[in-house]
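**Student:** Data: structure_10.cif, mmCIF, C-alpha atoms.
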data_data
#
loop_
_atom_site.group_PDB
_atom_site.id
_atom_site.type_symbol
_atom_site.label_atom_id
_atom_site.label_comp_id
_atom_site.auth_asym_id
_atom_site.auth_seq_id
_atom_site.Cartn_x
_atom_site.Cartn_y
_atom_site.Cartn_z
ATOM 1 C CA MET A 1 -26.975 14.850 24.381
ATOM 2 C CA SER A 2 -24.054 12.453 24.884
ATOM 3 C CA PRO A 3 -23.124 9.724 22.418
ATOM 4 C CA ILE A 4 -23.571 6.070 23.360
ATOM 5 C CA ILE A 5 -22.138 4.705 20.113
ATOM 6 C CA SER A 6 -18.914 5.726 18.458
ATOM 7 C CA ILE A 7 -18.301 5.332 14.734
ATOM 8 C CA ILE A 8 -14.580 5.400 14.016
ATOM 9 C CA MET A 9 -13.032 5.223 10.577
ATOM 10 C CA GLY A 10 -9.464 5.137 9.372
ATOM 11 C CA SER A 11 -10.006 8.181 7.153
ATOM 12 C CA THR A 12 -12.833 10.281 5.780
ATOM 13 C CA SER A 13 -12.641 8.297 2.541
ATOM 14 C CA ASP A 14 -14.616 5.661 4.502
ATOM 15 C CA LEU A 15 -17.487 8.083 5.158
ATOM 16 C CA PRO A 16 -19.612 7.100 2.129
ATOM 17 C CA VAL A 17 -19.770 3.557 3.545
ATOM 18 C CA MET A 18 -20.216 4.594 7.178
ATOM 19 C CA GLU A 19 -23.013 7.063 6.437
ATOM 20 C CA LYS A 20 -25.455 4.145 6.349
ATOM 21 C CA ALA A 21 -24.760 3.490 10.019
ATOM 22 C CA ALA A 22 -25.110 7.185 10.844
ATOM 23 C CA ARG A 23 -28.444 7.415 9.026
ATOM 24 C CA PHE A 24 -29.716 4.357 10.909
ATOM 25 C CA PHE A 25 -28.789 5.851 14.289
ATOM 26 C CA ASP A 26 -30.491 9.102 13.301
ATOM 27 C CA GLU A 27 -33.616 7.172 12.311
ATOM 28 C CA MET A 28 -33.563 5.311 15.639
ATOM 29 C CA GLU A 29 -32.878 8.578 17.527
ATOM 30 C CA VAL A 30 -29.720 7.195 19.132
ATOM 31 C CA PRO A 31 -26.937 9.670 19.937
ATOM 32 C CA PHE A 32 -23.630 8.805 18.275
ATOM 33 C CA GLU A 33 -20.344 10.360 17.305
ATOM 34 C CA ILE A 34 -18.180 9.998 14.196
ATOM 35 C CA ASN A 35 -14.413 10.434 14.198
ATOM 36 C CA ALA A 36 -11.466 9.586 11.980
ATOM 37 C CA LEU A 37 -8.559 7.875 13.735
ATOM 38 C CA SER A 38 -5.737 5.866 12.243
ATOM 39 C CA ALA A 39 -3.996 2.972 13.957
ATOM 40 C CA HIS A 40 -0.923 3.802 11.880
ATOM 41 C CA ARG A 41 -0.963 7.601 11.550
ATOM 42 C CA THR A 42 -2.423 8.625 14.941
ATOM 43 C CA PRO A 43 -1.733 5.719 17.321
ATOM 44 C CA GLU A 44 -1.629 7.961 20.398
ATOM 45 C CA ALA A 45 -5.073 9.388 19.597
ATOM 46 C CA VAL A 46 -6.433 5.865 19.062
ATOM 47 C CA GLU A 47 -5.097 4.831 22.457
ATOM 48 C CA GLN A 48 -6.569 7.887 24.175
ATOM 49 C CA PHE A 49 -9.937 7.306 22.483
ATOM 50 C CA ALA A 50 -10.074 3.586 23.314
ATOM 51 C CA LYS A 51 -9.041 3.995 26.938
ATOM 52 C CA ASN A 52 -11.518 6.841 27.583
ATOM 53 C CA ALA A 53 -14.549 5.752 25.551
ATOM 54 C CA GLN A 54 -16.324 3.928 28.357
ATOM 55 C CA THR A 55 -15.927 6.767 30.866
ATOM 56 C CA ARG A 56 -17.443 9.105 28.252
ATOM 57 C CA GLY A 57 -20.583 6.921 28.106
ATOM 58 C CA ILE A 58 -19.834 4.995 24.914
ATOM 59 C CA LYS A 59 -21.415 1.517 24.994
ATOM 60 C CA VAL A 60 -20.381 0.112 21.591
ATOM 61 C CA ILE A 61 -17.665 1.089 19.118
ATOM 62 C CA ILE A 62 -17.992 0.555 15.381
ATOM 63 C CA ALA A 63 -14.575 0.725 13.743
ATOM 64 C CA ALA A 64 -14.141 0.736 9.979
ATOM 65 C CA ALA A 65 -10.877 0.126 8.192
ATOM 66 C CA GLY A 66 -9.598 -0.963 4.828
ATOM 67 C CA MET A 67 -6.456 -2.677 3.602
ATOM 68 C CA ALA A 68 -4.393 -3.831 6.610
ATOM 69 C CA ALA A 69 -7.425 -2.922 8.763
ATOM 70 C CA HIS A 70 -5.712 -2.786 12.149
ATOM 71 C CA LEU A 71 -7.972 -0.113 13.659
ATOM 72 C CA PRO A 72 -10.771 -2.338 15.055
ATOM 73 C CA GLY A 73 -8.335 -4.777 16.659
ATOM 74 C CA VAL A 74 -6.114 -2.078 18.112
ATOM 75 C CA ILE A 75 -9.165 -0.426 19.677
ATOM 76 C CA ALA A 76 -10.436 -3.779 20.978
ATOM 77 C CA SER A 77 -7.063 -4.448 22.595
ATOM 78 C CA MET A 78 -7.433 -1.322 24.755
ATOM 79 C CA THR A 79 -11.061 -1.501 25.930
ATOM 80 C CA THR A 80 -13.601 -3.922 27.337
ATOM 81 C CA LEU A 81 -16.358 -2.326 25.240
ATOM 82 C CA PRO A 82 -17.757 -4.352 22.347
ATOM 83 C CA VAL A 83 -16.074 -3.453 19.068
ATOM 84 C CA ILE A 84 -17.715 -4.146 15.726
ATOM 85 C CA GLY A 85 -15.391 -4.106 12.731
ATOM 86 C CA VAL A 86 -16.489 -2.969 9.289
ATOM 87 C CA PRO A 87 -14.076 -4.065 6.568
ATOM 88 C CA ILE A 88 -13.861 -1.425 3.833
ATOM 89 C CA ASN A 89 -13.358 -2.332 0.195
ATOM 90 C CA ALA A 90 -10.239 -0.240 -0.347
ATOM 91 C CA SER A 91 -8.166 -2.883 -2.149
ATOM 92 C CA LEU A 92 -8.328 -6.584 -3.047
ATOM 93 C CA ASP A 93 -12.157 -6.329 -3.092
ATOM 94 C CA GLY A 94 -12.059 -5.777 0.676
ATOM 95 C CA MET A 95 -10.910 -9.321 1.398
ATOM 96 C CA ASP A 96 -7.661 -8.102 2.950
ATOM 97 C CA ALA A 97 -9.608 -5.934 5.404
ATOM 98 C CA LEU A 98 -12.149 -8.665 6.143
ATOM 99 C CA LEU A 99 -9.474 -11.213 6.965
ATOM 100 C CA ALA A 100 -7.437 -8.715 9.007
ATOM 101 C CA ILE A 101 -10.447 -7.835 11.160
ATOM 102 C CA VAL A 102 -11.985 -11.266 11.594
ATOM 103 C CA GLN A 103 -8.719 -13.085 12.473
ATOM 104 C CA MET A 104 -8.140 -11.615 15.922
ATOM 105 C CA PRO A 105 -6.053 -13.417 18.546
ATOM 106 C CA PRO A 106 -7.735 -15.078 21.533
ATOM 107 C CA GLY A 107 -8.889 -12.543 24.101
ATOM 108 C CA ILE A 108 -9.273 -9.647 21.643
ATOM 109 C CA PRO A 109 -12.623 -10.280 19.941
ATOM 110 C CA VAL A 110 -13.964 -8.003 17.234
ATOM 111 C CA ALA A 111 -17.451 -8.729 15.953
ATOM 112 C CA THR A 112 -17.115 -8.445 12.191
ATOM 113 C CA VAL A 113 -19.758 -7.702 9.572
ATOM 114 C CA GLY A 114 -19.511 -8.078 5.824
ATOM 115 C CA ILE A 115 -17.420 -5.882 3.565
ATOM 116 C CA ASN A 116 -18.871 -2.330 3.572
ATOM 117 C CA GLY A 117 -21.575 -3.610 5.950
ATOM 118 C CA SER A 118 -21.979 -0.527 8.121
ATOM 119 C CA LEU A 119 -25.772 -0.827 8.313
ATOM 120 C CA ASN A 120 -25.483 -4.317 9.792
ATOM 121 C CA ALA A 121 -22.857 -3.012 12.206
ATOM 122 C CA ALA A 122 -25.285 -0.310 13.338
ATOM 123 C CA ILE A 123 -28.119 -2.795 13.765
ATOM 124 C CA LEU A 124 -25.850 -5.157 15.721
ATOM 125 C CA ALA A 125 -24.667 -2.314 17.957
ATOM 126 C CA LEU A 126 -28.239 -1.344 18.730
ATOM 127 C CA GLN A 127 -29.186 -4.959 19.412
ATOM 128 C CA MET A 128 -26.353 -5.144 21.952
ATOM 129 C CA ILE A 129 -27.491 -1.983 23.704
ATOM 130 C CA ALA A 130 -31.177 -2.922 23.498
ATOM 131 C CA THR A 131 -30.663 -5.948 25.748
ATOM 132 C CA GLY A 132 -30.917 -3.466 28.602
ATOM 133 C CA ASP A 133 -33.196 -0.850 27.008
ATOM 134 C CA GLU A 134 -36.826 -1.737 26.296
ATOM 135 C CA ALA A 135 -37.501 1.419 24.276
ATOM 136 C CA LEU A 136 -34.632 0.626 21.909
ATOM 137 C CA ARG A 137 -35.757 -3.000 21.692
ATOM 138 C CA GLN A 138 -39.189 -1.788 20.566
ATOM 139 C CA LYS A 139 -37.634 0.498 17.932
ATOM 140 C CA LEU A 140 -35.629 -2.435 16.585
ATOM 141 C CA ALA A 141 -38.708 -4.660 16.521
ATOM 142 C CA THR A 142 -40.583 -2.011 14.547
ATOM 143 C CA TYR A 143 -37.645 -1.631 12.164
ATOM 144 C CA LYS A 144 -37.489 -5.377 11.534
ATOM 145 C CA GLU A 145 -41.258 -5.525 10.975
ATOM 146 C CA GLY A 146 -40.735 -2.864 8.320
ATOM 147 C CA LEU A 147 -38.216 -5.125 6.608
ATOM 148 C CA LYS A 148 -40.820 -7.898 6.499
ATOM 149 C CA ARG A 149 -43.393 -5.513 5.002
ATOM 150 C CA LYS A 150 -40.943 -4.528 2.250
ATOM 151 C CA ILE A 151 -40.582 -8.163 1.175
ATOM 152 C CA THR A 152 -44.331 -8.764 1.317
ATOM 153 C CA GLN A 153 -44.873 -5.672 -0.842
ATOM 154 C CA ALA A 154 -42.152 -6.785 -3.269
ATOM 155 C CA ASN A 155 -43.885 -10.152 -3.722
ATOM 156 C CA GLU A 156 -47.214 -8.419 -4.336
ATOM 157 C CA GLU A 157 -45.566 -6.307 -7.034
ATOM 158 C CA LEU A 158 -43.852 -9.349 -8.555
ATOM 159 C CA ALA A 159 -47.209 -11.150 -8.714
ATOM 160 C CA GLY A 160 -48.412 -8.470 -11.116
ATOM 161 C CA ILE A 161 -45.587 -9.051 -13.580
ATOM 162 C CA LYS A 162 -46.695 -11.280 -16.448
ATOM 163 C CA PHE A 163 -44.580 -13.632 -18.552
ATOM 164 C CA LYS A 164 -45.780 -16.364 -20.851
ATOM 165 C CA PHE A 165 -44.188 -19.159 -18.798
ATOM 166 C CA LYS A 166 -44.320 -17.546 -15.330
ATOM 167 C CA THR A 167 -46.251 -19.803 -12.977
ATOM 168 C CA ASN A 168 -46.963 -17.495 -10.048
#
Output the file's structure as structure tokens, nothing else.

**Tutor:**
Amino acid sequence: MSPIISIIMGSTSDLPVMEKAARFFDEMEVPFEINALSAHRTPEAVEQFAKNAQTRGIKVIIAAAGMAAHLPGVIASMTTLPVIGVPINASLDGMDALLAIVQMPPGIPVATVGINGSLNAAILALQMIATGDEALRQKLATYKEGLKRKITQANEELAGIKFKFKTN
């Protein structure tokens, strides 16, 4: 089994956030890899990873980083693969990371999800890949139908809650 998605994080302290993406890929039965790379501490390893990802079969890269959050942009500068940035709330409520990732220069796009939004990054990555994979598209459709059912069920449960002035 070879990975088609790569989850990269600046350090293992980001793992609690990125586990949501990993669990989603497991649920969808999509092979992925997880590695820690640092744009500042291991720049040579980041370069080697970014330049070789496509030849290894990677189709989308999810890169998480906090604070200065250079990792997603550095990776995006060295590959033509789509890169999705996940800003991590490591300081300043994650706003520093969000702004660092979303404000990329022309020609170096990084799709950016919300702070600590690894699940949305995973869903977006799968949506990108599913444009050319009907089986994955069906899995995503089923997943999204499940989201609808959860809301329908929540409203049914809320209907049973009684308050004196509640009108529904």

**Student:** Near segment 32-35 of chain A, within 6 Å and counting all atoms listed in the file, which residues show up once chain neighbours fewer than 6 positions away are dropped, as an NGL selection string?

**Tutor:** :A and (3-8)

**Student:** Smallest atom-to-atom distance to Gly66 of chain A: which of A:Asn120, A:Lys148, A:Lys20, A:Ala39, using all atoms listed in the file?

**Tutor:** A:Ala39

**Student:** Output the residue selection produced by the PyMOL selection byres ((chain A and resi 126-142) around 9) on the file above, formatted as a ChimeraX atom specification.

**Tutor:** /A:4-5,25,28,30,59-60,82,121-125,143-147

**Student:** Just give me the gap between atom CA of Thr79 of chain A and atom CA of Arg41 of chain A in Å, one decimal is fine.

**Tutor:** 19.8 Å

**Student:** With distances taken over all atoms listed in the file, which residue among A:Gly160, A:Pro43, A:Gly94, A:Pro106 lies nearest Ala65 of chain A?

**Tutor:**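 With all atoms listed in the file as the atom set, the closest residue is A:Gly94.
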
**Student:** What is the atom CA of Ala76 of chain A to atom CA of Glu27 of chain A distance in Å?

**Tutor:** 27.1 Å

**Student:** One decimal, Å: what's the distance from atom CA of Thr55 of chain A over to atom CA of Ser2 of chain A, could you say?

**Tutor:**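 Result for atom CA of Thr55 of chain A versus atom CA of Ser2 of chain A: 11.6 Å, one decimal.
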
**Student:** Show me, as a compact mmCIF listing (two decimals) with C-alpha atoms, keeping the file's coordinate frame, the residues that have an atom within 10 Å of Asp14 of chain A when counting all atoms listed in the file, minus same-chain residues fewer than 6 positions from it.

**Tutor:**
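Listing of around_25.txt after writing:
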# COMPACT_ATOMS: atom_id res chain seq x y z
CA ILE A 8 -14.58 5.40 14.02
CA ALA A 36 -11.47 9.59 11.98
CA ALA A 64 -14.14 0.74 9.98
CA ALA A 65 -10.88 0.13 8.19
CA GLY A 66 -9.60 -0.96 4.83
CA PRO A 87 -14.08 -4.07 6.57
CA ILE A 88 -13.86 -1.42 3.83
CA ASN A 89 -13.36 -2.33 0.20
CA ALA A 90 -10.24 -0.24 -0.35
CA ASN A 116 -18.87 -2.33 3.57

**Student:** Evaluated on this file, the PyMOL selection byres ((chain A and resi 80) around 12) picks out some residues - which ones are they, written as a PyMOL selection string?

**Tutor:** chain A and resi 50-55+58-61+73+75-79+81-83+107-110

**Student:** Using only C-alpha atoms, find the one residue out of A:Lys162, A:Gly85, A:Leu119, A:Ala100 that sits nearest to Met67 of chain A.

**Tutor:**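 Result for the nearest residue to Met67 of chain A: A:Ala100.
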
**Student:** Counting only C-alpha atoms, which residue out of A:Ser118, A:Val74, A:Val86, A:Ile161 sits closest to Arg23 of chain A?

**Tutor:**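 Looking only at the distances to Arg23 of chain A, the closest residue turns out to be A:Ser118.
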
**Student:** Pick out the closest residue to Ile62 of chain A from this set: A:Pro31, A:Asp96, A:Met18, A:Gln48. Count only C-alpha atoms.

**Tutor:**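 Comparing A:Pro31, A:Asp96, A:Met18, A:Gln48 against Ile62 of chain A, the winner is A:Met18.
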
**Student:** Rebuild N, CA, C and O atoms on segment 112-127 of chain A, as a PDB file, in the frame of the given file?

**Tutor:**
ATOM      1  N   THR A 112     -17.427  -8.926  13.530  1.00  0.00           N
ATOM      2  CA  THR A 112     -17.115  -8.445  12.191  1.00  0.00           C
ATOM      3  C   THR A 112     -18.307  -8.657  11.277  1.00  0.00           C
ATOM      4  O   THR A 112     -18.890  -9.741  11.251  1.00  0.00           O
ATOM      5  N   VAL A 113     -18.679  -7.612  10.546  1.00  0.00           N
ATOM      6  CA  VAL A 113     -19.758  -7.702   9.572  1.00  0.00           C
ATOM      7  C   VAL A 113     -19.153  -7.821   8.186  1.00  0.00           C
ATOM      8  O   VAL A 113     -17.931  -7.801   8.030  1.00  0.00           O
ATOM      9  N   GLY A 114     -19.988  -7.932   7.193  1.00  0.00           N
ATOM     10  CA  GLY A 114     -19.511  -8.078   5.824  1.00  0.00           C
ATOM     11  C   GLY A 114     -18.811  -6.828   5.312  1.00  0.00           C
ATOM     12  O   GLY A 114     -18.894  -5.744   5.898  1.00  0.00           O
ATOM     13  N   ILE A 115     -18.145  -6.980   4.201  1.00  0.00           N
ATOM     14  CA  ILE A 115     -17.420  -5.882   3.565  1.00  0.00           C
ATOM     15  C   ILE A 115     -18.396  -4.742   3.257  1.00  0.00           C
ATOM     16  O   ILE A 115     -19.460  -4.967   2.679  1.00  0.00           O
ATOM     17  N   ASN A 116     -18.045  -3.536   3.713  1.00  0.00           N
ATOM     18  CA  ASN A 116     -18.871  -2.330   3.572  1.00  0.00           C
ATOM     19  C   ASN A 116     -20.215  -2.444   4.296  1.00  0.00           C
ATOM     20  O   ASN A 116     -21.154  -1.727   3.970  1.00  0.00           O
ATOM     21  N   GLY A 117     -20.308  -3.326   5.271  1.00  0.00           N
ATOM     22  CA  GLY A 117     -21.575  -3.610   5.950  1.00  0.00           C
ATOM     23  C   GLY A 117     -21.878  -2.717   7.143  1.00  0.00           C
ATOM     24  O   GLY A 117     -22.233  -3.218   8.211  1.00  0.00           O
ATOM     25  N   SER A 118     -21.789  -1.424   6.981  1.00  0.00           N
ATOM     26  CA  SER A 118     -21.979  -0.527   8.121  1.00  0.00           C
ATOM     27  C   SER A 118     -23.404  -0.550   8.664  1.00  0.00           C
ATOM     28  O   SER A 118     -23.607  -0.375   9.868  1.00  0.00           O
ATOM     29  N   LEU A 119     -24.397  -0.768   7.815  1.00  0.00           N
ATOM     30  CA  LEU A 119     -25.772  -0.827   8.313  1.00  0.00           C
ATOM     31  C   LEU A 119     -25.930  -2.006   9.261  1.00  0.00           C
ATOM     32  O   LEU A 119     -26.507  -1.873  10.344  1.00  0.00           O
ATOM     33  N   ASN A 120     -25.403  -3.163   8.888  1.00  0.00           N
ATOM     34  CA  ASN A 120     -25.483  -4.317   9.792  1.00  0.00           C
ATOM     35  C   ASN A 120     -24.707  -4.063  11.079  1.00  0.00           C
ATOM     36  O   ASN A 120     -25.119  -4.498  12.153  1.00  0.00           O
ATOM     37  N   ALA A 121     -23.603  -3.356  10.993  1.00  0.00           N
ATOM     38  CA  ALA A 121     -22.857  -3.012  12.206  1.00  0.00           C
ATOM     39  C   ALA A 121     -23.706  -2.142  13.122  1.00  0.00           C
ATOM     40  O   ALA A 121     -23.722  -2.337  14.345  1.00  0.00           O
ATOM     41  N   ALA A 122     -24.424  -1.190  12.539  1.00  0.00           N
ATOM     42  CA  ALA A 122     -25.285  -0.310  13.338  1.00  0.00           C
ATOM     43  C   ALA A 122     -26.420  -1.096  13.978  1.00  0.00           C
ATOM     44  O   ALA A 122     -26.737  -0.906  15.164  1.00  0.00           O
ATOM     45  N   ILE A 123     -27.030  -1.978  13.215  1.00  0.00           N
ATOM     46  CA  ILE A 123     -28.119  -2.795  13.765  1.00  0.00           C
ATOM     47  C   ILE A 123     -27.593  -3.679  14.889  1.00  0.00           C
ATOM     48  O   ILE A 123     -28.211  -3.787  15.956  1.00  0.00           O
ATOM     49  N   LEU A 124     -26.446  -4.311  14.680  1.00  0.00           N
ATOM     50  CA  LEU A 124     -25.850  -5.157  15.721  1.00  0.00           C
ATOM     51  C   LEU A 124     -25.529  -4.348  16.970  1.00  0.00           C
ATOM     52  O   LEU A 124     -25.803  -4.788  18.096  1.00  0.00           O
ATOM     53  N   ALA A 125     -24.980  -3.168  16.807  1.00  0.00           N
ATOM     54  CA  ALA A 125     -24.667  -2.314  17.957  1.00  0.00           C
ATOM     55  C   ALA A 125     -25.929  -1.999  18.750  1.00  0.00           C
ATOM     56  O   ALA A 125     -25.944  -2.083  19.990  1.00  0.00           O
ATOM     57  N   LEU A 126     -26.991  -1.667  18.046  1.00  0.00           N
ATOM     58  CA  LEU A 126     -28.239  -1.344  18.730  1.00  0.00           C
ATOM     59  C   LEU A 126     -28.839  -2.577  19.403  1.00  0.00           C
ATOM     60  O   LEU A 126     -29.400  -2.473  20.494  1.00  0.00           O
ATOM     61  N   GLN A 127     -28.702  -3.728  18.776  1.00  0.00           N
ATOM     62  CA  GLN A 127     -29.186  -4.959  19.412  1.00  0.00           C
ATOM     63  C   GLN A 127     -28.433  -5.228  20.715  1.00  0.00           C
ATOM     64  O   GLN A 127     -29.026  -5.667  21.703  1.00  0.00           O
TER      65      GLN A 127
END
